[in-house]
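K.L.:
Encoded as C-alpha cells, here's the structure I'll be asking about.
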Amino acid sequence: MNQTSENSGTSPETGDTVGNSRLILDRLRKIERLRELGIDPFPARVKRSHSLAEAVELFEAHEATMEGDESSTPARTDAVTVAGRVMARRGMGKMSFLDVRDGSGQIQVQARADVLADDFGLLELLDIGDFVSVSGPVIRTRRGQISVEAQSFGIISKSMRPLPEKWHGLQDAETRVRQRYLDLLSNERAVQNARARSQVASAVRRFMESRGFIEVETPILVPIAAGGFAEPFETHHNALGRDLFLRIATELYLKQLVVGGLDKVFEVGKIFRNEGIDADHNPEFTTMESYEAYADYNDVMRMTEDLVAFVAMEVNGDTVVPAPEGEDGATIDLAPPWPRIDLRQAIIDASGIDFRECSNREALASTMHERGMHVEPNSTWQQLLDKVISASLEPTLVAPTFLVDYPLAMSPLAKKKPGHEDIVERFEAFVLGRELANAFTELNDPVDQRERFEQQERQRDEFDDVEADRLDESFLLAVEHGMPPTGGLGIGIDRLAMLVTGESSIREVTLFPQLRS
RNA sequence: GGGCCUGUAGCUCAGUUCGGUAGAGCAGCGGACUUUUAAUCCGAAGGUCGUGGGUUCGAAUCCCACCGGGCCCA
C-alpha cells in the first residue's frame, strides 16, 4: 500500500489535483499565509498554565465553592492558558466551538468574535488536527459544557494531513498498525492497551524487586543463539569481522550471573525468533526471565502464580480478567493457587497417548497416525509430542493451569526429577489455551548439560532441525565452575498484556508489530 | 506451505450477484449562521476502483499472476 503522495511538496502553481495532494496544498497555503501574517506555525515554545484535565478540575472546584449561592453570577475562573490538538470544530459565523485534547483529557473552547477580536480571523487558517494554545477563563456554556472562553488564541503546530473520520474512527486493520499514531488518536482502546502494557512491565518489575531480585541487562548480539528452540536472526559485526546472532532467549547469560553469586536476577527484554507471524507470535517479543539460587521449580510455580495475580491486580484492580471478544465462556480468575497437572497424565486424558509407552519416534508416530493425527515427516520425537500437546491438550487449558514434569528429550536445560531418567522438573503455565510461562529446576550438572547439548546438536544434523538448541561452550565453562541449585522462569510480557487486556491478538498489545515491506 | 475472505475519495462504507464506464456520509473548498455537542442549511469539487496482464464493442464487476491485510488449517 503506497498511496502517499510523492509530490506533496510541490508548489501550489503546479495545480496538482491528484488525490490527497489537493488537501495537502490547502494546508501548505495556510502555513504560508500564517508566515505572511508574521506568525510562526511551528513555534519552539508554548506557554501553558494548566493541562486540560487540570483546567476542568479548576473549574469544578471553583464551581463547588459557589454551591448554594443562587444570587451570584455564573462560575468563572481566572484566566488559564491551555494547549492541545483540535479534534473537532463546530462553527456558526461569529462563534465557534473547538474540541481540544491533550494527554490528560479534553475540553471545549468557545471562540467568540467579540471576545477574540483579531485572533478570531485565525480560525480561517485552523484545521482539525492542528495544535492550539488558548487563554481565557473556564466557564460553563448555556448548554452546560465546561469550556475555555478564548480571550486569545494561537496556532502552535499545523498539521498537513487530515485525521481519520471523527465518528467511525480508523477501522482499517493495516493502517491501524502501520500508522499506530492514527490508531491511538481515534481508538480509545489502543490507548488503553498501550497504557496497560506499560503497567504490566512496571508491575512485573515491582514484584520482582519486592522479592529481592535485581534487574540486569545481558547481550542481544550474541555469538551463539542458545537457550531455546528457535531459529535465530543473523547479523554481522564489521569491526570484529564476524557473524553474530540476535538472542533467542536470555537464559544462559542470566545463569552465568547466578554462577557469579548474583543469587536473584531478572531481565525484561526483547528476544528475537526467526519464525512465522500470527495472532500469538511476533518475531520480536518481550520476556521476563528470572533465576533464583537455592530455589526449585515448586518455588518458582508459587512465585509465578503470585506474580501473575499481582500484575492483574495492579493493572485491573482485580484477579478476574475478561475473556477475549468472540470467545464464549466465563471470565478467568488468576487468583492462586493454580492446579498442578501431571503432563503425562494430562496428555493421556486429552489424547489417549502415553508418551512413556511411545518412547521412540516410530512408536509415537504410529500411535498418532492411528488417532488420525497428521504426522509431519522427518519430525523428531519431541516435535511430534509437542504437536500432540498443542493440538489436543493446550486448547483445553482455559483456566490458569500448570503442566508439570516434562520429558527430558524436550527440555535440555532442566534437571532430572529424582528417581526418573526421562522426566525433568519443568512446568509450563497455560491460560486461555495459550502458553504464558515456562520454567525449570535448572540443570547445574555440567557433564549432564554437555550431553544434553550434544544430543541437541546431533538432532540438528540428523533431522535437519534448525530449531534445536545449541551448544554454548562459554556457558558450559561457567557451569563447570559450579552453579548452585537454581529455579528459573521465563514469562511472556506480550502474553501477559494480552491476558489483562482481554485481547486475542499480540498485534493489539504490540505498538509496532512486524509487517511485510 | 494450503484454503477462505479482503483492498473503491484523506477517513467510514455502498456498488461486484446478473459487465454498460463510480455513489453517500464525514473531512476539505465557497457561502449563510453568536450557544454548538456527529451543529445545521445551500453550492461546487474531489477517484491510476491495490498493481500488471487477459477476455470483451465495453471491466470496480469475469479470468490469471503478483503485492498488501485478515481468519482458519498445516
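Residues in the C-alpha cells are numbered from 1 in each chain, the chains being A, B, ... in the order shown, and ligands are numbered from 1 in the order shown.
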Run DSSP on the backbone of this structure and report the residues of segment 91-244 of chain A it assigns to helix (DSSP H, G or I), as a PyMOL selection string.
P.N.:
chain A and resi 113-125+173-178+180-186+188-210
K.L.:
Write a file of the selected residues as a compact mmCIF listing (two decimals), in the first residue's frame, keeping N, CA and C atoms.
P.N.:
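After the write, part_5.txt holds the following:
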# COMPACT_ATOMS: atom_id res chain seq x y z
N ALA A 113 -16.26 35.97 18.28
CA ALA A 113 -15.64 37.07 17.54
C ALA A 113 -15.50 38.31 18.42
N ASP A 114 -16.51 38.58 19.26
CA ASP A 114 -16.44 39.81 20.05
C ASP A 114 -15.41 39.73 21.16
N VAL A 115 -15.15 38.53 21.68
CA VAL A 115 -14.15 38.38 22.75
C VAL A 115 -12.74 38.28 22.16
N LEU A 116 -12.62 37.57 21.06
CA LEU A 116 -11.30 37.29 20.50
C LEU A 116 -10.72 38.42 19.66
N ALA A 117 -11.61 39.23 19.10
CA ALA A 117 -11.15 40.32 18.24
C ALA A 117 -10.27 39.80 17.10
N ASP A 118 -9.04 40.28 17.02
CA ASP A 118 -8.19 39.96 15.87
C ASP A 118 -7.91 38.46 15.74
N ASP A 119 -7.73 37.79 16.89
CA ASP A 119 -7.40 36.36 16.82
C ASP A 119 -8.51 35.54 16.18
N PHE A 120 -9.73 36.07 16.12
CA PHE A 120 -10.82 35.28 15.56
C PHE A 120 -10.56 34.94 14.10
N GLY A 121 -9.89 35.85 13.40
CA GLY A 121 -9.59 35.61 11.99
C GLY A 121 -8.69 34.41 11.77
N LEU A 122 -7.91 34.06 12.80
CA LEU A 122 -7.01 32.91 12.67
C LEU A 122 -7.77 31.60 12.46
N LEU A 123 -9.05 31.58 12.88
CA LEU A 123 -9.84 30.35 12.74
C LEU A 123 -9.92 29.92 11.28
N GLU A 124 -9.82 30.90 10.36
CA GLU A 124 -9.87 30.55 8.94
C GLU A 124 -8.68 29.70 8.53
N LEU A 125 -7.59 29.86 9.26
CA LEU A 125 -6.38 29.12 8.92
C LEU A 125 -6.20 27.88 9.79
N ALA A 173 -7.46 -2.45 9.49
CA ALA A 173 -6.53 -3.16 10.38
C ALA A 173 -5.08 -2.88 10.01
N GLU A 174 -4.83 -2.72 8.75
CA GLU A 174 -3.46 -2.49 8.31
C GLU A 174 -2.97 -1.09 8.69
N THR A 175 -3.78 -0.09 8.41
CA THR A 175 -3.39 1.27 8.77
C THR A 175 -3.27 1.42 10.28
N ARG A 176 -4.10 0.68 11.02
CA ARG A 176 -4.05 0.78 12.48
C ARG A 176 -2.67 0.41 13.00
N VAL A 177 -1.98 -0.55 12.38
CA VAL A 177 -0.66 -0.91 12.88
C VAL A 177 0.46 -0.19 12.14
N ARG A 178 0.26 0.09 10.84
CA ARG A 178 1.32 0.80 10.11
C ARG A 178 1.44 2.24 10.57
N ARG A 180 0.35 3.66 13.72
CA ARG A 180 -0.26 3.45 15.03
C ARG A 180 -0.70 4.76 15.67
N TYR A 181 -0.01 5.88 15.30
CA TYR A 181 -0.41 7.16 15.89
C TYR A 181 -1.85 7.50 15.54
N LEU A 182 -2.29 7.10 14.35
CA LEU A 182 -3.68 7.37 13.98
C LEU A 182 -4.63 6.50 14.78
N ASP A 183 -4.21 5.25 15.02
CA ASP A 183 -4.99 4.34 15.86
C ASP A 183 -5.14 4.93 17.26
N LEU A 184 -4.03 5.43 17.80
CA LEU A 184 -4.05 5.99 19.15
C LEU A 184 -4.93 7.23 19.21
N LEU A 185 -4.93 8.01 18.11
CA LEU A 185 -5.72 9.24 18.10
C LEU A 185 -7.20 8.96 17.99
N SER A 186 -7.57 7.87 17.31
CA SER A 186 -9.00 7.70 17.07
C SER A 186 -9.62 6.50 17.77
N GLU A 188 -9.87 4.69 21.39
CA GLU A 188 -9.54 4.74 22.82
C GLU A 188 -8.92 3.43 23.30
N ARG A 189 -9.36 2.33 22.70
CA ARG A 189 -8.85 1.04 23.13
C ARG A 189 -7.35 0.90 22.87
N ALA A 190 -6.88 1.50 21.80
CA ALA A 190 -5.45 1.45 21.50
C ALA A 190 -4.66 2.13 22.60
N VAL A 191 -5.18 3.24 23.09
CA VAL A 191 -4.52 3.96 24.18
C VAL A 191 -4.55 3.11 25.45
N GLN A 192 -5.71 2.53 25.74
CA GLN A 192 -5.83 1.69 26.94
C GLN A 192 -4.84 0.53 26.89
N ASN A 193 -4.71 -0.09 25.73
CA ASN A 193 -3.80 -1.23 25.61
C ASN A 193 -2.35 -0.80 25.78
N ALA A 194 -2.01 0.35 25.23
CA ALA A 194 -0.64 0.83 25.38
C ALA A 194 -0.33 1.11 26.85
N ARG A 195 -1.28 1.73 27.54
CA ARG A 195 -1.09 2.01 28.95
C ARG A 195 -1.03 0.72 29.76
N ALA A 196 -1.91 -0.23 29.42
CA ALA A 196 -1.95 -1.49 30.17
C ALA A 196 -0.62 -2.23 30.02
N ARG A 197 -0.09 -2.22 28.82
CA ARG A 197 1.16 -2.93 28.61
C ARG A 197 2.28 -2.31 29.44
N SER A 198 2.32 -1.00 29.46
CA SER A 198 3.31 -0.31 30.27
C SER A 198 3.15 -0.68 31.75
N GLN A 199 1.90 -0.75 32.19
CA GLN A 199 1.64 -1.10 33.59
C GLN A 199 2.03 -2.53 33.89
N VAL A 200 1.87 -3.42 32.90
CA VAL A 200 2.27 -4.82 33.09
C VAL A 200 3.77 -4.90 33.35
N ALA A 201 4.55 -4.26 32.48
CA ALA A 201 6.01 -4.33 32.63
C ALA A 201 6.42 -3.69 33.96
N SER A 202 5.78 -2.58 34.29
CA SER A 202 6.11 -1.90 35.54
C SER A 202 5.77 -2.77 36.75
N ALA A 203 4.61 -3.41 36.70
CA ALA A 203 4.18 -4.25 37.83
C ALA A 203 5.09 -5.47 37.97
N VAL A 204 5.50 -6.03 36.85
CA VAL A 204 6.42 -7.18 36.90
C VAL A 204 7.71 -6.77 37.60
N ARG A 205 8.22 -5.59 37.23
CA ARG A 205 9.47 -5.14 37.85
C ARG A 205 9.29 -4.91 39.35
N ARG A 206 8.19 -4.28 39.71
CA ARG A 206 7.96 -4.01 41.13
C ARG A 206 7.85 -5.31 41.91
N PHE A 207 7.16 -6.28 41.34
CA PHE A 207 7.01 -7.57 42.03
C PHE A 207 8.37 -8.23 42.22
N MET A 208 9.15 -8.28 41.17
CA MET A 208 10.44 -8.96 41.26
C MET A 208 11.37 -8.25 42.24
N GLU A 209 11.34 -6.93 42.19
CA GLU A 209 12.19 -6.18 43.12
C GLU A 209 11.73 -6.39 44.56
N SER A 210 10.43 -6.48 44.75
CA SER A 210 9.92 -6.70 46.12
C SER A 210 10.34 -8.07 46.65
K.L.:
Excluding G53 of chain B and residues on its chain fewer than 2 positions from it, collect all residues at most 12 Å away from it, counting only C-alpha atoms (C1' of nucleotides), and give them as JSON, numbers by chain.
P.N.:
{"B": [51, 55, 63, 64, 65, 66]}
K.L.:
Skip segment 29-40 of chain B itself and residues of its chain fewer than 5 positions away, then list as an MDAnalysis selection string all residues within 7 Å of it, counting only C-alpha atoms (C1' of nucleotides).
P.N.:
chainID A and resid 90 92:95 97 141:143 167
K.L.:
Quick one: pull the distance between atom CA of Leu403 of chain A and atom CA of Arg340 of chain A, Å, one decimal.
P.N.:
6.1 Å
K.L.:
Name the closest residue to Phe463 of chain A among the candidates A:Thr401, A:Asn360, A:Ser157, A:Ser379; distances are taken between atoms, counting only C-alpha atoms.
P.N.:
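Answer, going by the shortest atom-to-atom distance: A:Ser379.
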K.L.:
Neighbours of segment 250-261 of chain A within 7 Å (only C-alpha atoms (C1' of nucleotides); same-chain residues fewer than 6 positions away dropped), as a count of residues only?
P.N.:
11
K.L.:
What's the 12 Å shell around C73 of chain B, counting only C-alpha atoms (C1' of nucleotides), without same-chain residues fewer than 2 positions away, as a PyMOL selection string?
P.N.:
(chain A and resi 374+391) or (chain B and resi 1-4+71)
K.L.:
Using only C-alpha atoms (C1' of nucleotides), determine which residues lie at most 7 Å from segment 17-23 of chain B, disregarding the query and same-chain residues fewer than 3 positions distant; provide the list as a ChimeraX atom specification.
P.N.:
/B:58-59,61
